[in-house]
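S.K.: Submitted below is the structure of interest, expressed as structure tokens.
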Amino acid sequence: MMSGMLHLANRSARIPVIVVMAAMLAGLTGCRALPARGAGGPASGGPASGGTDQARWLESGGMRREYLIHLPAGASSAAGLPVVIALHGRLGTAQGMSTLTHLDRVADRHRFAVVYPQGYQRSWNDGRPNTPAHRDGVDDVAFVSALIHYLVAADRVDASRIYVTGISNGAMLTERLGCELAGQLAGIAPVAGPMPVVMAASCHPVRPIAVLEIHGTADPLVPYGGGQVRGGGQVRGGGGSGDVVRSVPWTFARWRAIDRCVGPPTAAALPDRAHDGTGVSVSRGTSCAAGAPVALYTVTGGGHTWPGGVQYLPKILIGATSRQFDASEVIWKFFSGLG
């Protein structure tokens with residue numbers, strides 16, 4: 001069995017610091033990955049959580065793929081628990097996603113497991129041509145599928161309550177997983193990453209799937225109105241016409257059409273609780289097939305950020321983190337209300 005630290009790609013020292021910072025996309029500098037321990041020996045849950053963490057790995061596509069799993073406080077195993085799989089952004093890490101979202105603490109309060117996979121060279125193959133994972137032909141859909149199979153077979157998690165969320169590059173992979181793994185998932189919640197153009201025409205889930213979209217209108221990296229993605233540590237030959245996303249309203253409408261929602265969506269503004277210069281409007285699809293809801297939280301003035309999470313880089317680079325609501329709590333409330 002192999003052991004050691006998660007393999008994280010070194011960034012070139014020649015890249016200007018400002019470019020690296022703008023490209024981090026939820027990387028959370030200074031966060032340390034946990035050491036892998038074969039089949040998954042225990043590691044400290046840290047002061048922010050009363051649960052327990054494990055660093056694990058599995059083989060997928062001939063590669064060793066690492067992930068962290070957090071068990072909620074008081075749980076000796078994941079048996080029977082629902083699971084939220086949380087995907088970091090481009091140049092992020094599994095540990096950084098935990099810090100950004102504080103999902104561990106939410107899991108401890110509501111008793112579910114959280115799994116944080118580590119992307120290939122800190123990237124995911126979401127179908128766009130601008131990541132190392134895409135360049136090197138990494139099949140992240142197969143990786144997540146294999147991970148789900150293992151969690152169900154070995155950990156005996158509740159197979160009917162498996163969900164995926166993610167930010168940025170991780171959100172776009174979340175969109176793709178909703179399209180391609182709907183048979184294994186109960187719901188998805190992409191944050192700051194609408195549907196890429198390259199997957200839009202081919203998105204035909206095998207069944208309706210619950211979708212919660214969360215996006216900021218002032219995102220300087222992934223435009224709310226659609227178009228060219230900026231930053232993200234693009235690989236040579238990436239970007240261009242393939243690195244384009246649909247608008248958030250288009251993505252919301254597409255998921256409503258996929259889930260055969262009837263009639264126009266409802267919309268309501270949340271009260272201004274934080275007085276931080278951001279506002280929130282919640283839109284919901286109505287009468288969707290198989291009871292699969294589709295919802296959108298539009299954060300007016302919000303940036304390329306996780307609402308209620310860490311302001312991981314200065315506002316001038318990524319925009320503002322809204323304090324009007326806690327995205328992690330909202331996402332879990334959405335997932336837990338399904339079925």
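Chains: A, B, ... in order of the structure tokens. Residues: from 1 per chain. Ligands: from 1, in order shown.
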Could you list, as a count of residues only, every residue within 9 Å of range 274-287 of chain A, counting only C-alpha atoms and ignoring same-chain residues fewer than 4 positions away?
M.R.: 32
S.K.: Excluding range 111-123 of chain A and residues on its chain fewer than 6 positions from it, collect all residues at most 7 Å away from it, counting only C-alpha atoms, and give them as a list in words.
M.R.: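 Once the nearby chain positions are removed, what remains is Leu8, Ala9, Glu66, Tyr67, Leu68, Ile69, His70, Leu71, Pro72, Ala78, Leu81, Pro82, Val83, Val84, Ile85, Ala86, Leu87, Arg90, Leu91, Gly92, Thr93, Ala94, Asp104, Thr131, Pro132 and Ala133 of chain A.
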S.K.: Go through range 133-262 of chain A and collect every residue that DSSP, computed from the backbone, puts in alpha helix (DSSP H); the answer should be as a ChimeraX atom specification.
M.R.: /A:133-135,140-153,169-180,197-200,248-258
S.K.: For Val330 in chain A, list every protein, DNA or RNA residue within 10 Å, evaluated using only C-alpha atoms, and leave out those in the same chain fewer than 3 positions away; present the list as a list of chain:residue names.
M.R.: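 Contacts, in chain order: A:Ala189, A:Leu212, A:Ile214, A:Tyr297, A:Pro307, A:Phe325, A:Asp326, A:Ala327, A:Lys333, A:Phe334, A:Phe335, A:Ser336.
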